[in-house]
Amino acid sequence: MAGDLTYTPIEGKTRGFRIMVAILGFMVAVLIASFLVMYLSGQQVWGISNAVPWGQLITFDIYFIGLSAGAIVVSGLSYVLRREEYKPIGRVAVLLGLIIFTGAMVCVLVDLGRPEKFWRLFMYGYLNNMTSMFALNSIWYGGYLLLMVVYLWLAIENKTRLAMIIGTIDVLWAVGVHSFTGAIFGLIGTREIMFSPIKPFEFIAAALTSGTALLTVVVAAAFKFTNRSLDKKVITSLGRLLSFIIIVLFVMVFFDKLTHIYFPHREGAIFLFTGPYWWLFWIFQIGMGIVIPLIILFHPRAGKTVRGVIIACISVVIGVLGERAALVIPGTAQVQQLYPGHIEGMWGAAGVFPITLWETTLTLGIVCLVALLFVLGLRFLPLLPATEAVKVPAASEGGEEALPEEKSVTEAEG
Amino acid sequence: MARWGMVIDLDKCVGCQACTIACKEENNIPHGSPQEQSRRREIYWNRVLAITEEGEYPTQRVQVLSMPCMQCDQAPCVTVCPAKATYRREDGIIMQDFRRCIGCRYCIVACPYGVRNFNFKDQLQEEYHRPDLPPDRASRGPWPFPQRVRGVVEKCTFNFHRIDQALREGKKVGVDVVPACVEACPTKARAFGDLDDPESEVSRLLATRGNFRLRENLGTEPKVYYLQG
Amino acid sequence: MSSSKDRKVWRLGMSRRTFIKASAFTGAAVVASRIIKFPQNLALAAPPSETKGVITEKWVTTSCLNCSTRCATHVRVVNGRAVRIAGNPLSRVSEGEICPRGHIGLQVLYDPNRLSRPLKRTNPAKGRGVDPQWMDISWSQALGEVSSQLKSLRAKGEPHRLLLLHGLNITSDEDMIHRFADAYGTPNVVSAQAFEKEAEKLGRWMADGNYSHIAYDFDKANYILAFGASIVESEKPLARNLRMWGKIRRERPVRAKVVVIDPRYSVTAARSDQWLPIVPGTDGALAMAMANVIISEELYDADFIGRWTAGFDKYKELVLSSYRPERVAGITGISADTIRRIAREFAQTRPAIAWIGRGVAGWPNGSYSSYAIFCLNALVGSIDVPGGVMYQEDPEYREMPGVTEDDISRAGKARLRLDLSKTSLFPVAEGVANQVADSILEGRPYPVEVAIGFNTNFNMSAPGSQRWDEALQKVPYYIHVSPFISEMAEYADILLPAPTFLEAWGYDHSPPGSGFAELKIKQPVVEPLYDTRGITDIILELAGRLEGTVARSFDRVGGDIQDFVRYRTEDIIPWSEFQEKGVWVGPAYQYRKYDSVFKTPSKKFEFYSANLEAVLKESGRAVDSRLAYLPHYEEVEFLGDEAEYPLMLSTYQPLLNIENGNQNYPWAQEIYLVMHGTGWTNFVEMNSETAHKLGIRDKDMVWVESPVSRIKVRARVTKGIYPGVVTIASGQGHYAAGEWQQGIGVNPNEIIGVDYDHLSGQSSFFNTRVKVYRA
């Protein structure tokens with residue numbers, strides 16, 4: 001039924017495409033300029049401080065790692081679980097995972113006070129301290145990058161069996177990557193908002209939701225703007241998948257925060273819920289990341305339309321970014337209770353994290369870099385199926401219900 | 001091997017802040033500015049806090065607390081530093097190596113006491129030229145005071161350079177030679193010495209006075225003790 | 001047969017390739033050995049890393065001048081740059097300690113805003129914000145111009161129209177300034193003392209005839225009652241207070257008890273055993289009420305009272321009749337029970353000290369309040385005993401020969417002083433600094449022609465500071481001498497750059513506090529950074545140019561500053577020893593000198609001041625003779641109507657206020673207010689109750705308005721102040737150049753009205769009413 005798909009790169013000849021590439025290219029230039037400004041004058045041009053030492057860059061770093069891990073896990077639906085209906089999006093998922101993770105690595109690299117010393121993270125056994133999650137993650141991240149490159153190559157070369165093996169490893173490795181990213185925060189005992197054994201699992205769940213959501217949106221957009229047709233069932237089934245993962249995420253967040261609001265050490269949760277950054281938690285993490293998508297996805301009608309799913313996915317994508325920020329910013333902004341009583345002045349003031357120009361252009365630049373690499377990947381690698389209708393077998397076991405063929409607009413040039 | 005610790009007497013301390021300033025003087029630490037203070041970017045290796053305890057006018061009480069780096073025996077910063085830029089020396093001092101520091105600021109996140117500072121910018125050369133502070137290390141040991149660069153973290157180091165020099169010259173640490181903050185304290189509220197030596201002044205003080213450490217429940221085992229005021 | 005060429009073999013016997021390989025290898029090894037260093041024992045790293053950059057290193061003894069305590073220091077100088085200031089361990093006044101201000105000396109020395117050469121004003125207009133349009137001139141030209149002005153004034157027969165103002169200066173420079181005034185013939189030498197605790201001096205003088213600050217032997221005291229005195233924040237000698245505080249708390253078997261009486265919860269109050277907030281200005285009443293309890297319960301030292309005091313009966317009658325605790329409770333806001341308790345504790349925990357602070361002195365009733373508090377010490381026998389009040393000894397400098405006078409100088413010195421001291425307005429005062437501004441503005445008793453300011457900054461430190469702006473605009477020729485351009489310097493016609501105290505020669509001694517005398521040297525720790533000249537050198541030069549009797553007056557006191565210092569101190573300590581040690585400590589303090597310390601008609605401690613009676617009767621000033629010669633509480637008249645200005649304005653001096661008139665020191669600025677954990681600013685601090693009534697929250701910007709003017713500042717809502725009182729830390733609000741001071745905070749003196757304690761000439765700082773409202 002679902003025969004072998006042929007994949008092609010996209011044409012990339014439309015005006016819209018060129019304009020997009022031009023803009024993204026310009027933003028990458030902005031990225032380079034922003035980095036140079038920071039590198040030459042120091043991180044004073046950012047919004048970080050001794051109270052809130054991690055800002056937009058780390059937020060986006062963990063966000064991207066999550067997106068990447070999520071995308072890779074969803075790619076496993078195609079390459080590991082061999083689900084036919086996801087074959088059209090399998091390669092895109094792997095590319096997305098790879099490119100976004102590259103973006104994450106750029107984030108982490110430029111966030112360093114001395115980026116030129118990054119090699120110290122790889123001095124195993126000598127200058128590398130393996131009790132540090134950062135150091136451990138150099139192994140996880142390095143391996144992950146390699147695996148994804150191999151994975152993508154295998155996928156493009158259609159070596160399905162090897163792809164399944166590597167894909168399996170990669171999916172598990174992705175889980176490991178993001179768990180240990182979560183551990184960076186979860187193991188820090190002094191920051192009450194961060195400290196939790198659930199953090200790695202919460203991170204995985206957030207990765208899966210955001211990765212699935214982003215993949216869905218990207219795939220829908222990629223297919224739409226290149227005049228390819230995609231069975232809407234792919235979208236809606238991803239939507240179903242998303243809704244279950246969101247519930248899992250919600251359970252994680254719920255119990256994490258419930259534990260934190262019980263004694264001892266309630267101040268962290270109170271600060272998160274009612275402090276100056278309450279809106280990151282309530283509006284973004286809970287509202288856009290969980291409540292609104294669930295409402296949409298479980299709505300009897302909206303949840304079944306492509307449009308509804310896409311809106312829910314966009315909400316999740318933004319909401320999970322807020323979730324990452326809600327960990328990083330209030331996590332460190334909370335005043336440490338060094339001594340009982342009210343600490344006067346600057347020492348007792350909650351951290352403030354302003355949005356600054358050069359930090360924002362840097363993160364925007366990296367986002368655009370990721371987008372640029374992605375569209376260039378689509379342009380030069382055969383990642384999207386050729387423009388033919390794709391049949392999706394029914395979900396019922398064994399049965400093969402022929403679905404009406406969807407007409408596709410076959411105007412794509414090759 | 002000694003295990004260096006500090007004892008601060010909260011009954012004697014009057015919050016004059018000589019410790020903070022003498023530390024800046026000794027370690028060539030840059031001053032801040034109004035903008036940097038409002039952005040929490042000033043660098044302090046020692047800081048004096050005023051803490052208003054419970055109570056209403058006129059029986060409220062303000063406690064004054066001078067805080068250097070706690071030099072924890074179970075330092076969370078040492079655990080999380082990926083590049084071994086901060087590490088525990090054999091004599092208990094938590095060192096800070098500018099050369100190794102990659103500026104990831106994980107240690108600032110992990111520190112329960114907020115005693116670490118990041119260099120958000122370079123400092124003006126003319127202000128901080130100190131001929132007695134070597135420009136670089138001669139060996140792979142830790143820095144003594146190279147010019148700091150933007151992008152690295154710094155913090156109090158118990159004036160290990162004074163300790164090392166004293167040991168080389170055969171002087172007694174804690175008696176003849178003490179860190180600058182201890183030396184500068186006019187009320188003599190600070191004492192320094194070997195916590196493992198029962199004859200040292202710090203041991204004597206800890207044995208004879210009620211004392212506590214900050215955030216002891218975290219298990220960081222700080223080596224800065226406070227005698228109850 | 002192959003030739004050597006064919007085989008590419010050199011004479012060395014190896015092939016070229018081998019040679020190249022070997023060279024490369026050796027080269028690499030050499031380079032590698034330079035780069036790769038094997039880790040050494042981390043704990044005992046090689047010495048050279050410590051001292052590689054050092055070529056010369058020395059320690060120089062000198063003393064500090066960031067406040068009037070003048071602690072003996074020694075300074076480490078490396079490669080010609082001062083890098084560290086520490087206390088001189090030979091000093092006994094501070095026992096080798098210095099306060100935080102001492103360390104700031106480095107920033108004073110290397111202040112980027114310093115004056116580097118003499119300047120002359122080219123813009124005749126003077127005013128705040130007016131650019132003087134300074135022009136560089138040479139020293140000879142500057143001194144030539146100044147001396148010609150001085151000469152012509154003298155030639156006119158009007159030397160009294162020269163006004164000399166001095167702030168915080170080296171003692172040797174101060175001695176020189178006075179000598180110059182004496183030789184020149186002007187009575188108008190005005191110090192900044194009247195902005196400090198002048199009233200305390202008079203209060204004491206009333207009792208024992210010694211017109212000097214009080215030295216408290218408090219490290220031997222067991223009970224210290226601090227009236228408006230922030231002992232560990234602003235009372236001098238500060239470093240000694242800090243050291244002794246440590247002693248009395250934990251270095252003796254008996255821990256002294258400290259009780260602080262102050263409307264403000266100062267640092268000292270926070271560190272004390274009890275804080276008693278009091279209605280501002282009523283400390284005298286409290287003291288009298290305590291006397292009431294001590295006398296009525298017969299807790300006083302009957303032996304001392306009987307043998308060494310006079311006028312006790314009159315005092316007792318006043319105390320018992322008018323100062324019952326129940327009545328005083330209504331005045332002071334402290335309950336009668338508390339008054340009784342404190343009085344009993346004070347009387348029964350001997351030795352006890354009642355400490356008079358600026359919070360008592362800076363009022364129109366400052367002298368009498370000081371007198372009343374000082375008498376408490378006598379009641380419990382704390383006069384010239386261990387743990388009591390002491391009579392400070394000072395180094396006995398070699399006396400200078402009298403100045404050479406002529407008719408002009410004699411006539412000049414006989415004229416009335418500009419500050420109207422010793423007139424019926426200020427019959428007993430030694431100096432009334434703030435009056436000078438009004439005298440200049442009114443042109444009475446005569447107009448000023450030339451004024452010289454030595455390290456003064458009255459445009460910032462005087463109450464009603466704008467009057468000094470106007471006054472200096474009126475002075476035709478003003479010369480300012482200081483290391484930097486302050487607010488006052490902006491009015492100068494000629495600016496003469498003085499060195500900072502770390503580049504200067506001099507001799508100094510601390511204000512009363514130790515009891516025993518201690519002499520300290522000042523000598524340059526580095527070569528002067530700029531083209532500066534010390535004040536003594538300037539004066540010697542001016543005197544020389546003036547010729548005649550003025551020049552002759554300086555003939556035999558040394559040709560330059562070093563000679564002068566040596567001349568004055570050689571009798572006390574040999575010059576080379578003085579330069580090396582930096583300190584001479586006098587003999588141990590002798591107590592119970594009752595035969596000699598009371599400079600009163602009765603030769604005893606006087607509860608009824610015969611000294612004051614004599615002066616006041618002669619001055620013709622109308623007084624209420626029942627009370628005028630006894631310690632008593634005089635109710636304060638506030639400036640401003642209570643209905644319109646419901647709050648009382650107070651000020652305080654944080655420890656990190658550098659008293660040289662400049663605050664351009666970032667190490668001090670960034671941690672300026674320790675109790676508020678904030679720097680780079682000051683606040684108007686008010687009680688939460690007051691703030692609530694006014695609808696003001698913490699950190700709101702507010703206007704503080706008095707009948708004089710208003711300033712805009714951030715509010716700080718705190719529990720540590722008497723409701724109805726607002727206080728502002730002084731030392732900020734500079735508008736003169738200086739990156740780290742300009743435009744930072746506000747200067748409360750701008751809105752404080754002009755009032756005096758008319759006996760001592762002390763400027764009143766605390767009796768201005770204000771209103772506060774949101775900006």
# chains A, B, ... in the order shown; residues from 1 in each chain; ligands from 1
call {"tool": "residues_around", "arguments": {"residues": "Met288 in chain A", "least_positions_apart": "5", "cutoff": "8 Å", "atoms": "only C-alpha atoms", "output": "list of chain:residue names"}}
result
A:Ile283, A:Pro293, A:Ser315, A:Val316, A:Ile318, A:Gly319, A:Val320
call {"tool": "closest_atom_pairs", "arguments": {"of": "chain A", "to": "chain C", "cutoff": "12 Å", "atoms": "only C-alpha atoms", "output": "tab-separated table"}}
result
residue	atom	partner	partner_atom	distance
A:His342	CA	C:His676	CA	10.9
A:Ile343	CA	C:Gly677	CA	8.0
A:Glu344	CA	C:Gly677	CA	5.2
A:Gly345	CA	C:Gly677	CA	4.0
A:Met346	CA	C:Gly677	CA	5.7
A:Trp347	CA	C:Gly677	CA	6.5
A:Gly348	CA	C:Gly677	CA	8.2
A:Ala349	CA	C:Gly677	CA	9.8
call {"tool": "write_last_selection", "arguments": {"atoms": "N, CA and C atoms", "output": "compact mmCIF listing (two decimals), in the first residue's frame"}}
result
# COMPACT_ATOMS: atom_id res chain seq x y z
N HIS A 342 15.05 39.51 57.31
CA HIS A 342 15.01 40.17 56.01
C HIS A 342 16.37 40.78 55.72
N ILE A 343 17.00 40.32 54.67
CA ILE A 343 18.32 40.85 54.31
C ILE A 343 18.12 42.18 53.59
N GLU A 344 18.78 43.22 54.11
CA GLU A 344 18.53 44.56 53.57
C GLU A 344 19.29 44.81 52.28
N GLY A 345 18.68 45.61 51.43
CA GLY A 345 19.39 46.15 50.28
C GLY A 345 19.66 45.15 49.18
N MET A 346 20.80 45.34 48.53
CA MET A 346 21.07 44.56 47.33
C MET A 346 21.24 43.08 47.63
N TRP A 347 21.72 42.77 48.84
CA TRP A 347 21.97 41.37 49.14
C TRP A 347 20.69 40.58 49.34
N GLY A 348 19.61 41.30 49.64
CA GLY A 348 18.36 40.59 49.87
C GLY A 348 17.35 40.82 48.77
N ALA A 349 17.76 41.44 47.71
CA ALA A 349 16.82 41.73 46.64
C ALA A 349 16.74 40.56 45.67
call {"tool": "residues_around", "arguments": {"residues": "Gln74 in chain B", "least_positions_apart": "5", "cutoff": "9 Å", "atoms": "only C-alpha atoms", "output": "list in words"}}
result
Thr79, Gly219, Thr220, Glu221 and Pro222 of chain B
call {"tool": "write_last_selection", "arguments": {"atoms": "C-alpha atoms", "output": "compact mmCIF listing (two decimals), in the first residue's frame"}}
result
# COMPACT_ATOMS: atom_id res chain seq x y z
CA THR B 79 31.19 19.56 42.35
CA GLY B 219 25.54 19.95 54.52
CA THR B 220 28.12 22.07 52.73
CA GLU B 221 30.37 22.07 55.81
CA PRO B 222 31.50 25.68 55.58
call {"tool": "select_by_dssp", "arguments": {"residues": "chain B", "states": "alpha helix (DSSP H)", "output": "ChimeraX atom specification"}}
result
/B:18-27,34-38,76-80,106-110,160-169,180-184,201-208
call {"tool": "write_last_selection", "arguments": {"atoms": "C-alpha atoms", "output": "compact mmCIF listing (two decimals), in the first residue's frame"}}
result
# COMPACT_ATOMS: atom_id res chain seq x y z
CA ALA B 18 36.95 47.39 56.98
CA CYS B 19 37.10 43.73 55.97
CA THR B 20 35.36 44.37 52.67
CA ILE B 21 37.62 47.29 51.80
CA ALA B 22 40.87 45.74 52.96
CA CYS B 23 40.04 42.71 50.88
CA LYS B 24 39.58 44.88 47.83
CA GLU B 25 42.88 46.53 48.58
CA GLU B 26 44.75 43.30 49.08
CA ASN B 27 43.38 41.39 46.14
CA PRO B 34 25.81 52.76 40.48
CA GLN B 35 24.73 51.00 37.30
CA GLU B 36 26.61 47.86 38.16
CA GLN B 37 25.16 47.79 41.64
CA SER B 38 21.62 48.11 40.37
CA PRO B 76 28.84 22.52 45.70
CA CYS B 77 30.84 24.80 43.44
CA VAL B 78 33.66 22.28 43.27
CA THR B 79 31.19 19.56 42.35
CA VAL B 80 29.78 21.47 39.44
CA TYR B 106 27.58 27.01 36.93
CA CYS B 107 29.41 27.62 40.20
CA ILE B 108 27.49 30.83 40.75
CA VAL B 109 24.25 28.92 40.32
CA ALA B 110 25.38 26.22 42.70
CA PHE B 160 46.19 31.75 50.10
CA HIS B 161 49.11 33.80 48.77
CA ARG B 162 49.74 35.09 52.26
CA ILE B 163 49.46 31.61 53.70
CA ASP B 164 51.84 30.13 51.17
CA GLN B 165 54.35 32.88 51.69
CA ALA B 166 54.10 32.48 55.45
CA LEU B 167 54.71 28.77 55.22
CA ARG B 168 57.70 29.36 52.99
CA GLU B 169 59.11 31.87 55.42
CA ALA B 180 43.91 40.88 55.00
CA CYS B 181 40.33 41.00 56.29
CA VAL B 182 41.40 39.47 59.59
CA GLU B 183 44.30 41.86 59.85
CA ALA B 184 42.19 44.89 59.04
CA GLU B 201 42.90 30.36 68.33
CA VAL B 202 40.05 29.32 66.08
CA SER B 203 39.74 25.99 67.83
CA ARG B 204 39.85 27.66 71.20
CA LEU B 205 37.14 30.13 70.23
CA LEU B 206 34.91 27.43 68.83
CA ALA B 207 35.34 25.36 71.94
CA THR B 208 34.46 28.17 74.30
call {"tool": "residues_around", "arguments": {"residues": "Arg255 in chain C", "least_positions_apart": "5", "cutoff": "10 Å", "atoms": "only C-alpha atoms", "output": "mmCIF file with N, CA and C atoms, in the first residue's frame"}}
result
data_model
loop_
_atom_site.group_PDB
_atom_site.id
_atom_site.type_symbol
_atom_site.label_atom_id
_atom_site.label_comp_id
_atom_site.auth_asym_id
_atom_site.auth_seq_id
_atom_site.Cartn_x
_atom_site.Cartn_y
_atom_site.Cartn_z
ATOM 1 N N ALA C 221 35.417 50.901 81.222
ATOM 2 C CA ALA C 221 34.101 51.155 81.781
ATOM 3 C C ALA C 221 33.263 49.884 81.737
ATOM 4 N N ASN C 222 32.287 49.815 82.609
ATOM 5 C CA ASN C 222 31.385 48.678 82.598
ATOM 6 C C ASN C 222 29.999 49.034 82.109
ATOM 7 N N TYR C 223 29.763 50.331 82.005
ATOM 8 C CA TYR C 223 28.430 50.752 81.548
ATOM 9 C C TYR C 223 28.618 52.005 80.726
ATOM 10 N N LYS C 247 37.284 45.101 72.703
ATOM 11 C CA LYS C 247 37.774 44.755 74.042
ATOM 12 C C LYS C 247 36.645 44.664 75.047
ATOM 13 N N ILE C 248 35.765 45.670 75.040
ATOM 14 C CA ILE C 248 34.760 45.683 76.104
ATOM 15 C C ILE C 248 33.721 44.587 75.928
ATOM 16 N N ARG C 249 33.594 44.089 74.708
ATOM 17 C CA ARG C 249 32.587 43.060 74.487
ATOM 18 C C ARG C 249 33.104 41.683 74.838
ATOM 19 N N ARG C 250 34.316 41.376 74.381
ATOM 20 C CA ARG C 250 34.735 39.985 74.520
ATOM 21 C C ARG C 250 36.179 39.783 74.931
#
call {"tool": "residues_around", "arguments": {"residues": "Asp111 in chain C", "least_positions_apart": "2", "cutoff": "10 Å", "atoms": "only C-alpha atoms", "output": "list of chain:residue names"}}
result
B:Glu127, C:Gly105, C:Leu106, C:Gln107, C:Val108, C:Leu109, C:Asn113, C:Arg114, C:Leu115, C:Pro483, C:Phe484, C:Thr500, C:Asn664, C:Tyr665, C:Pro666, C:Gly738
call {"tool": "write_last_selection", "arguments": {"atoms": "C-alpha atoms", "output": "CSV table (one decimal), in the first residue's frame"}}
result
chain,number,residue,atom,x,y,z
B,127,GLU,CA,43.3,51.5,37.8
C,105,GLY,CA,43.5,56.7,51.5
C,106,LEU,CA,44.7,54.9,48.4
C,107,GLN,CA,41.8,56.1,46.4
C,108,VAL,CA,42.3,59.6,47.8
C,109,LEU,CA,45.9,59.6,46.6
C,113,ASN,CA,40.0,64.0,39.7
C,114,ARG,CA,42.8,65.7,41.5
C,115,LEU,CA,44.1,69.1,40.9
C,483,PRO,CA,44.0,68.5,46.4
C,484,PHE,CA,40.8,68.6,44.3
C,500,THR,CA,47.0,64.6,49.7
C,664,ASN,CA,34.9,60.5,44.9
C,665,TYR,CA,36.0,57.2,46.3
C,666,PRO,CA,34.2,54.2,44.8
C,738,GLY,CA,34.0,63.6,40.3
call {"tool": "closest_residue", "arguments": {"among": "B:Val62, B:Cys69, B:Ile8, B:Cys111", "to": "chain C", "atoms": "only C-alpha atoms"}}
result
B:Val62
call {"tool": "closest_residue", "arguments": {"among": "B:Ala189, B:Ile94, B:Met1, B:Val115", "to": "chain C", "atoms": "only C-alpha atoms"}}
result
B:Ala189
call {"tool": "select_by_dssp", "arguments": {"residues": "range 267-382 of chain C", "states": "strand (DSSP E or B)", "output": "list of chain:residue names"}}
result
C:Gln274, C:Trp275, C:Leu276, C:Thr309, C:Ala310, C:Ala352, C:Ile353, C:Ala354, C:Trp355, C:Ile356
call {"tool": "write_last_selection", "arguments": {"atoms": "N, CA and C atoms", "output": "JSON list (two decimals), in the first residue's frame"}}
result
[["chain", "number", "residue", "atom", "x", "y", "z"],
["C", 274, "GLN", "N", 20.86, 47.87, 74.36],
["C", 274, "GLN", "CA", 19.51, 48.41, 74.31],
["C", 274, "GLN", "C", 19.48, 49.72, 73.55],
["C", 275, "TRP", "N", 18.46, 49.89, 72.78],
["C", 275, "TRP", "CA", 18.26, 51.14, 72.07],
["C", 275, "TRP", "C", 17.04, 51.83, 72.66],
["C", 276, "LEU", "N", 17.24, 53.07, 73.07],
["C", 276, "LEU", "CA", 16.12, 53.84, 73.60],
["C", 276, "LEU", "C", 15.85, 55.01, 72.67],
["C", 309, "THR", "N", 33.67, 68.65, 94.26],
["C", 309, "THR", "CA", 32.73, 69.40, 93.44],
["C", 309, "THR", "C", 32.23, 70.62, 94.19],
["C", 310, "ALA", "N", 31.71, 71.57, 93.40],
["C", 310, "ALA", "CA", 31.12, 72.78, 93.97],
["C", 310, "ALA", "C", 29.76, 72.99, 93.33],
["C", 352, "ALA", "N", 31.01, 53.90, 85.14],
["C", 352, "ALA", "CA", 30.01, 54.16, 84.10],
["C", 352, "ALA", "C", 30.36, 55.46, 83.39],
["C", 353, "ILE", "N", 30.01, 55.52, 82.14],
["C", 353, "ILE", "CA", 30.29, 56.71, 81.33],
["C", 353, "ILE", "C", 29.02, 57.17, 80.66],
["C", 354, "ALA", "N", 28.79, 58.47, 80.70],
["C", 354, "ALA", "CA", 27.74, 59.07, 79.88],
["C", 354, "ALA", "C", 28.45, 59.78, 78.73],
["C", 355, "TRP", "N", 28.20, 59.32, 77.53],
["C", 355, "TRP", "CA", 28.96, 59.77, 76.36],
["C", 355, "TRP", "C", 28.13, 60.78, 75.58],
["C", 356, "ILE", "N", 28.73, 61.93, 75.34],
["C", 356, "ILE", "CA", 28.01, 63.00, 74.64],
["C", 356, "ILE", "C", 28.34, 62.92, 73.16]]
call {"tool": "interface_residues", "arguments": {"of": "chain A", "to": "chain B", "cutoff": "8 Å", "atoms": "only C-alpha atoms", "output": "JSON, numbers by chain"}}
result
{"A": [41, 42, 43, 44, 49, 50, 51, 53, 54, 111, 112, 113, 114, 115, 117, 118, 120, 121, 127, 128, 129, 130, 131, 132, 133, 134, 135, 188, 189, 190, 191, 332, 336, 338, 339, 340, 341, 342, 343, 344, 346, 347, 351, 352]}
call {"tool": "write_last_selection", "arguments": {"atoms": "C-alpha atoms", "output": "compact mmCIF listing (two decimals), in the first residue's frame"}}
result
# COMPACT_ATOMS: atom_id res chain seq x y z
CA SER A 41 33.13 44.00 25.51
CA GLY A 42 32.15 41.23 27.89
CA GLN A 43 28.79 39.97 28.98
CA GLN A 44 27.89 43.30 30.49
CA SER A 49 24.05 39.36 36.66
CA ASN A 50 25.58 37.77 39.73
CA ALA A 51 22.04 37.21 40.92
CA PRO A 53 23.84 34.32 36.02
CA TRP A 54 22.02 32.37 33.34
CA ASP A 111 27.16 31.68 26.65
CA LEU A 112 30.56 30.80 28.03
CA GLY A 113 32.49 33.71 29.47
CA ARG A 114 35.53 32.45 27.61
CA PRO A 115 34.25 30.51 24.59
CA LYS A 117 38.35 27.60 26.26
CA PHE A 118 35.53 25.21 25.45
CA ARG A 120 38.58 22.17 28.44
CA LEU A 121 35.27 20.36 28.58
CA LEU A 127 41.21 18.79 33.58
CA ASN A 128 37.65 17.63 33.36
CA ASN A 129 35.61 17.16 36.51
CA MET A 130 33.16 14.32 35.96
CA THR A 131 31.05 15.13 38.98
CA SER A 132 29.89 18.14 37.04
CA MET A 133 26.87 17.69 34.85
CA PHE A 134 28.39 20.07 32.36
CA ALA A 135 31.40 17.84 32.01
CA ILE A 188 21.47 21.91 42.59
CA GLY A 189 20.37 21.73 46.18
CA THR A 190 20.51 25.41 46.94
CA ARG A 191 18.07 26.55 44.28
CA THR A 332 18.27 31.87 40.28
CA GLN A 336 18.86 32.77 49.10
CA LEU A 338 21.34 32.95 54.27
CA TYR A 339 20.14 33.89 57.71
CA PRO A 340 16.67 34.19 59.24
CA GLY A 341 15.21 37.63 58.77
CA HIS A 342 15.01 40.17 56.01
CA ILE A 343 18.32 40.85 54.31
CA GLU A 344 18.53 44.56 53.57
CA MET A 346 21.07 44.56 47.33
CA TRP A 347 21.97 41.37 49.14
CA GLY A 351 17.34 39.00 41.00
CA VAL A 352 16.17 40.96 38.04
call {"tool": "closest_residue", "arguments": {"among": "A:Met20, A:Ile198, A:Leu147, A:Val106", "to": "Phe185 in chain A", "atoms": "only C-alpha atoms"}}
result
A:Ile198
call {"tool": "closest_residue", "arguments": {"among": "B:Lys155, B:Arg148, B:Lys172, B:Lys188", "to": "chain C", "atoms": "only C-alpha atoms"}}
result
B:Lys188
call {"tool": "atom_distance", "arguments": {"atom1": "CA of Val702 in chain C", "atom2": "CA of Ser33 in chain B"}}
result
23.3 Å
call {"tool": "atom_distance", "arguments": {"atom1": "CA of Gly322 in chain A", "atom2": "CA of Lys224 in chain A"}}
result
27.7 Å
call {"tool": "residues_around", "arguments": {"residues": "Leu294 in chain A", "least_positions_apart": "2", "cutoff": "12 Å", "atoms": "only C-alpha atoms", "output": "count of residues only"}}
result
34
